[in-house]
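Each remark here refers to the structure printed beneath this line.
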Amino acid sequence: MIIPIKPWLDLANGKGSDGFNRFHRQARSGLALCADADIEESDLLYPAARSVLLSDHFNHRMEFYHDPILAPEILDAMQPIAGKQIFDGTVGGGGHAELLLRHGAHVIGCDQDDEALDYAQRRLSSYEDSFLPVRGNFRDMDGILAGLGIGQVDGILLDLGVSSRQLDNPGRGFSFRENGPLDMRMDVRAVLSAKELVNEWAEEELIRIFREYGEERRAARVAREIVKARGIKPIGTTFELSEVVGRAIPKTSAKNPATKVFQAIRIAVNGELEALETALEKAVNLLAPKGVLAIITFHSLEDRIVKRFMHRRSNPFIDRPEWSEPRPNPEFCFYLPSRRAIEPEEEETRRNSRSRSAKLRVAIKA
Ligand SMILES: C[S@@+](CC[C@H](N)C(=O)[O-])C[C@H]1O[C@@H](n2cnc3c(N)ncnc32)[C@H](O)[C@@H]1O
């Protein structure tokens, strides 16, 4: 029998990696160094960062994972110099983590997907104790860091959604392009799968998630078709679901009519928006002064949450018509290098189609 070795910290059973204590000591000593980093100078460093990076990450070919999205922009924002300690809440294939590590930072790489963590662990093994993989959900980042004895970090990165590897694996049931079991769980230990949601949730609940998470105009028709179909036989595969949705939404363009419904189900199964909202609030206390919060989103629902959060917490004063003068905002805690989202350069969108809808928002702890 082959016993798989999982040398990462597993929050579920409390086992740690061997290198953890050493990592921790180094990371703690690194915290002292980071206080000198001058983030406001980042604009000046940007062009240099971009050229070094583009050449270096072209040379590194990944077999299954996409290239890290908005890589030069992340480097520019996070300034991952030696001594900084960064929490990557969506380590996935380790693309962003490697960028940060290569520039000297310590990285705590968290993911809820065992397979992703295994991959990242193997890919980044040469960084030894500078990289600490941890299985968990980023919405629990306060507990994860506390469990490591870490109070605050210098950066928090979230590159939201699923990875290409998860999407392209029919066995994970995320995609209507390949047939597979209806699953869509990023964390395979989670109880709720897409199959259960589609076959057991009430029609009104289906309508709500198709509207709220898929922005699907024909939510009620799709839900009705699903309820009709599952009354005859449970819907068990991605092709079956796609076919049922196709009965409610006729195909009028190259886009698969089931796109928005699949997105909605995936968001609901993984509690994606709730996890994001929780993580943003927790990030406030977990970032050290001048610490950087960098969030990459892929659709308007996520971006709206991040934008509202950052704007709400970056206004030093609030003004209301009924007040004689503006008052200090009790929630103020961030400076925004830009109030607008950063989008990929044309060259990146040509090279990596997944980056087309990406938006990066950055906030710096006051
Ligand atoms: C887009 S991929 C990240 C890719 C990574 N930045 C890279 O460069 O390789 C997103 C990853 O985040 C993970 N993920 C998504 N939501 C999560 C959550 N709430 N907690 C932990 N991991 C999550 C997914 O399992 C997936 O592996």
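The chains in the structure tokens are called A, B, ... from first to last as shown; in each chain the residues are counted from 1, and the ligands are counted from 1 in the order shown.
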Inset, instruction - Run DSSP on the backbone and grab whatever in region 116-146 of chain A lands in alpha helix (DSSP H); send it over as a PyMOL selection string. - result: chain A and resi 116-123+141-146
At most 6 Å is the cut-off: for each residue in chain A with any atom that close to an atom of ligand 1, write down the nearest atom pair and the distance in Å rounded to one decimal, counting only C-alpha atoms and all ligand atoms, chain first then increasing number, as a Markdown table.
| residue | atom | partner | partner_atom_place_in_ligand_line | distance |
| --- | --- | --- | --- | --- |
| A:Pro68 | CA | ligand 1 | 8 (O) | 4.0 |
| A:Gly89 | CA | ligand 1 | 21 (C) | 5.7 |
| A:Thr90 | CA | ligand 1 | 12 (O) | 3.6 |
| A:Val91 | CA | ligand 1 | 5 (C) | 4.7 |
| A:Gly92 | CA | ligand 1 | 27 (O) | 3.4 |
| A:Gly93 | CA | ligand 1 | 9 (O) | 3.6 |
| A:Gly94 | CA | ligand 1 | 9 (O) | 4.2 |
| A:Gly95 | CA | ligand 1 | 8 (O) | 3.3 |
| A:His96 | CA | ligand 1 | 8 (O) | 4.1 |
| A:Cys110 | CA | ligand 1 | 21 (C) | 6.0 |
| A:Asp111 | CA | ligand 1 | 22 (N) | 3.6 |
| A:Gln112 | CA | ligand 1 | 21 (C) | 4.2 |
| A:Asp113 | CA | ligand 1 | 25 (O) | 4.7 |
| A:Ala116 | CA | ligand 1 | 27 (O) | 5.4 |
| A:Gly136 | CA | ligand 1 | 21 (C) | 5.7 |
| A:Asn137 | CA | ligand 1 | 20 (N) | 3.3 |
| A:Phe138 | CA | ligand 1 | 20 (N) | 4.0 |
| A:Arg139 | CA | ligand 1 | 19 (N) | 5.8 |
| A:Asp159 | CA | ligand 1 | 6 (N) | 5.1 |
| A:Leu160 | CA | ligand 1 | 10 (C) | 5.3 |
| A:Gly161 | CA | ligand 1 | 15 (C) | 5.0 |
| A:Val162 | CA | ligand 1 | 10 (C) | 4.6 |
| A:Ser163 | CA | ligand 1 | 2 (S) | 3.9 |
| A:Met186 | CA | ligand 1 | 25 (O) | 5.0 |
| A:Ala275 | CA | ligand 1 | 19 (N) | 5.4 |
Inset, instruction - Name the residues of region 133-294 of chain A that fall into strand (DSSP E or B) according to DSSP on the backbone, using the chain letters and numbers of this document, as a ChimeraX atom specification. - result: /A:133-135,153-159,181,237,287-294
Legend entry - Residues near Asn256 (chain A), cut-off 10 Å, only C-alpha atoms, skip fewer than 2 positions along chain, as a ChimeraX atom specification: /A:176-177,242,245-246,249-254,258-260
Please dump the current selection as a PDB file, in the first residue's frame; keep N, CA and C atoms.
ATOM      1  N   PHE A 176     -19.000  22.501 -18.088  1.00  0.00           N
ATOM      2  CA  PHE A 176     -19.988  21.882 -18.992  1.00  0.00           C
ATOM      3  C   PHE A 176     -19.305  21.400 -20.271  1.00  0.00           C
ATOM      4  N   ARG A 177     -18.018  21.692 -20.410  1.00  0.00           N
ATOM      5  CA  ARG A 177     -17.316  21.296 -21.646  1.00  0.00           C
ATOM      6  C   ARG A 177     -16.991  19.813 -21.657  1.00  0.00           C
ATOM      7  N   SER A 242     -26.283  20.442 -18.183  1.00  0.00           N
ATOM      8  CA  SER A 242     -26.149  21.354 -19.312  1.00  0.00           C
ATOM      9  C   SER A 242     -27.313  21.164 -20.299  1.00  0.00           C
ATOM     10  N   VAL A 245     -30.507  22.668 -18.772  1.00  0.00           N
ATOM     11  CA  VAL A 245     -30.482  24.141 -18.869  1.00  0.00           C
ATOM     12  C   VAL A 245     -30.749  24.566 -20.311  1.00  0.00           C
ATOM     13  N   GLY A 246     -30.201  23.800 -21.252  1.00  0.00           N
ATOM     14  CA  GLY A 246     -30.404  24.099 -22.675  1.00  0.00           C
ATOM     15  C   GLY A 246     -31.882  24.081 -23.077  1.00  0.00           C
ATOM     16  N   ILE A 249     -32.977  27.642 -21.885  1.00  0.00           N
ATOM     17  CA  ILE A 249     -32.318  28.793 -22.524  1.00  0.00           C
ATOM     18  C   ILE A 249     -31.821  28.361 -23.901  1.00  0.00           C
ATOM     19  N   PRO A 250     -32.496  28.800 -24.961  1.00  0.00           N
ATOM     20  CA  PRO A 250     -32.025  28.406 -26.289  1.00  0.00           C
ATOM     21  C   PRO A 250     -30.659  29.020 -26.602  1.00  0.00           C
ATOM     22  N   LYS A 251     -29.863  28.287 -27.356  1.00  0.00           N
ATOM     23  CA  LYS A 251     -28.515  28.777 -27.695  1.00  0.00           C
ATOM     24  C   LYS A 251     -28.625  29.844 -28.788  1.00  0.00           C
ATOM     25  N   THR A 252     -28.149  31.055 -28.483  1.00  0.00           N
ATOM     26  CA  THR A 252     -28.240  32.129 -29.489  1.00  0.00           C
ATOM     27  C   THR A 252     -26.869  32.680 -29.863  1.00  0.00           C
ATOM     28  N   SER A 253     -25.837  32.273 -29.108  1.00  0.00           N
ATOM     29  CA  SER A 253     -24.492  32.765 -29.439  1.00  0.00           C
ATOM     30  C   SER A 253     -23.499  31.629 -29.222  1.00  0.00           C
ATOM     31  N   ALA A 254     -22.223  31.943 -29.415  1.00  0.00           N
ATOM     32  CA  ALA A 254     -21.191  30.913 -29.247  1.00  0.00           C
ATOM     33  C   ALA A 254     -21.095  30.480 -27.778  1.00  0.00           C
ATOM     34  N   ALA A 258     -25.473  27.421 -20.557  1.00  0.00           N
ATOM     35  CA  ALA A 258     -25.391  27.014 -19.140  1.00  0.00           C
ATOM     36  C   ALA A 258     -24.300  27.769 -18.361  1.00  0.00           C
ATOM     37  N   THR A 259     -23.574  28.669 -19.032  1.00  0.00           N
ATOM     38  CA  THR A 259     -22.433  29.333 -18.388  1.00  0.00           C
ATOM     39  C   THR A 259     -22.807  29.974 -17.046  1.00  0.00           C
ATOM     40  N   LYS A 260     -23.862  30.796 -17.059  1.00  0.00           N
ATOM     41  CA  LYS A 260     -24.201  31.555 -15.836  1.00  0.00           C
ATOM     42  C   LYS A 260     -24.751  30.632 -14.750  1.00  0.00           C
TER      43      LYS A 260
END
List the spatial neighbours of Arg208 (chain A) as a compact mmCIF listing (two decimals) with N, CA and C atoms, in the first residue's frame - criterion: any atom at most 10 Å away, only C-alpha atoms, same-chain residues fewer than 6 positions off excluded.
# COMPACT_ATOMS: atom_id res chain seq x y z
N GLY A 214 -25.63 34.18 -10.64
CA GLY A 214 -25.40 33.99 -12.07
C GLY A 214 -25.88 35.18 -12.87
N GLU A 215 -26.63 36.08 -12.23
CA GLU A 215 -27.27 37.21 -12.92
C GLU A 215 -27.99 36.71 -14.17
N GLU A 216 -28.64 35.56 -14.00
CA GLU A 216 -29.32 34.88 -15.12
C GLU A 216 -30.77 35.38 -15.19
N ALA A 219 -33.77 32.78 -14.80
CA ALA A 219 -33.57 31.93 -13.60
C ALA A 219 -34.78 31.05 -13.32
N ALA A 220 -35.98 31.62 -13.39
CA ALA A 220 -37.18 30.86 -13.02
C ALA A 220 -37.41 29.71 -14.01
N ALA A 223 -34.87 26.95 -13.31
CA ALA A 223 -35.20 26.21 -12.09
C ALA A 223 -36.37 25.27 -12.34
N ALA A 264 -23.24 30.13 -11.05
CA ALA A 264 -24.06 30.32 -9.84
C ALA A 264 -23.96 29.12 -8.91
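Of the residues listed (A:Pro257, A:Gly271, A:Gly109, A:Pro170), A:Gly271 shows the shortest atom-to-atom separation from Ile209 (chain A); distances use only C-alpha atoms.
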Legend entry - Contacts of Arg354 (chain A) within 12 Å, only C-alpha atoms, excl. fewer than 2 positions in-chain, as a VMD selection string: chain A and resid 65 to 70 161 to 164 167 297 to 299 344 348 to 352 356 to 359
For the residues in the current selection, export C-alpha atoms as an mmCIF file, in the first residue's frame.
data_model
loop_
_atom_site.group_PDB
_atom_site.id
_atom_site.type_symbol
_atom_site.label_atom_id
_atom_site.label_comp_id
_atom_site.auth_asym_id
_atom_site.auth_seq_id
_atom_site.Cartn_x
_atom_site.Cartn_y
_atom_site.Cartn_z
ATOM 1 C CA TYR A 65 -1.849 25.449 -13.989
ATOM 2 C CA HIS A 66 -2.237 28.723 -15.797
ATOM 3 C CA ASP A 67 0.482 31.349 -15.534
ATOM 4 C CA PRO A 68 -0.048 33.599 -12.550
ATOM 5 C CA ILE A 69 -2.436 36.369 -13.536
ATOM 6 C CA LEU A 70 -1.303 40.006 -13.406
ATOM 7 C CA GLY A 161 -12.210 31.361 -8.116
ATOM 8 C CA VAL A 162 -11.163 28.012 -9.484
ATOM 9 C CA SER A 163 -7.881 27.158 -11.183
ATOM 10 C CA SER A 164 -7.639 25.961 -14.787
ATOM 11 C CA LEU A 167 -11.873 23.521 -14.284
ATOM 12 C CA THR A 297 -11.436 38.936 -9.079
ATOM 13 C CA PHE A 298 -12.959 37.401 -12.181
ATOM 14 C CA HIS A 299 -16.549 38.578 -12.233
ATOM 15 C CA PRO A 344 -4.119 43.050 -17.493
ATOM 16 C CA GLU A 348 -1.363 39.171 -21.223
ATOM 17 C CA THR A 349 -4.963 38.791 -22.389
ATOM 18 C CA ARG A 350 -3.699 37.541 -25.763
ATOM 19 C CA ARG A 351 -1.409 35.012 -24.109
ATOM 20 C CA ASN A 352 -3.782 33.877 -21.372
ATOM 21 C CA ARG A 356 -9.430 38.736 -19.794
ATOM 22 C CA SER A 357 -11.920 39.241 -17.007
ATOM 23 C CA ALA A 358 -9.344 39.686 -14.236
ATOM 24 C CA LYS A 359 -9.319 42.813 -12.072
#
Legend entry - Closest of A:Arg189, A:Arg218, A:Glu277, A:Glu73 to Ala341 (chain A) - atom-to-atom distances counting only C-alpha atoms: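 Using only C-alpha atoms, the shortest distance to Ala341 (chain A) belongs to A:Glu73.
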Determine, counting only C-alpha atoms, which protein, DNA and RNA residues have an atom within 12 Å of an atom of Ser125 (chain A); residues of the same chain fewer than 6 positions away are not included. Present the result as a PDB file with C-alpha atoms, in the first residue's frame.
ATOM      1  CA  PRO A   7       4.146  17.498   4.246  1.00  0.00           C
ATOM      2  CA  TRP A   8       1.872  20.498   4.647  1.00  0.00           C
ATOM      3  CA  GLY A  19       9.971  22.685   8.667  1.00  0.00           C
ATOM      4  CA  GLY A  94       1.832  28.110  -6.618  1.00  0.00           C
ATOM      5  CA  ALA A  97       3.628  32.123  -4.469  1.00  0.00           C
ATOM      6  CA  GLU A  98       6.692  31.334  -6.546  1.00  0.00           C
ATOM      7  CA  LEU A 101       9.322  33.561  -2.993  1.00  0.00           C
ATOM      8  CA  LEU A 117      -1.539  21.947  -2.172  1.00  0.00           C
ATOM      9  CA  ASP A 118       0.256  18.741  -3.115  1.00  0.00           C
ATOM     10  CA  TYR A 119       1.183  20.289  -6.435  1.00  0.00           C
ATOM     11  CA  PHE A 131       7.214  28.277   1.867  1.00  0.00           C
ATOM     12  CA  LEU A 132       4.650  26.883   4.261  1.00  0.00           C
ATOM     13  CA  PRO A 133       1.642  25.155   2.673  1.00  0.00           C
TER      14      PRO A 133
END
Inset, instruction - Write out as a count of residues only which residues come within 12 Å of Trp201 (chain A) when counting only C-alpha atoms, dropping same-chain ones fewer than 5 positions away. - result: 16
Inset, instruction - Rank A:Pro234, A:Gly83, A:Gly291, A:Gly155 by their smallest atom-to-atom distance to Gly104 (chain A), using only C-alpha atoms, and report the top residue only. - result: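 Of A:Pro234, A:Gly83, A:Gly291, A:Gly155, the one nearest Gly104 (chain A), counting only C-alpha atoms, is A:Gly83.
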Legend entry - Counting only C-alpha atoms, the residue of A:Thr237, A:Glu325, A:Met141, A:Phe174 that sits nearest Thr278 (chain A):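 Nearest candidate to Thr278 (chain A) out of A:Thr237, A:Glu325, A:Met141, A:Phe174: A:Met141.
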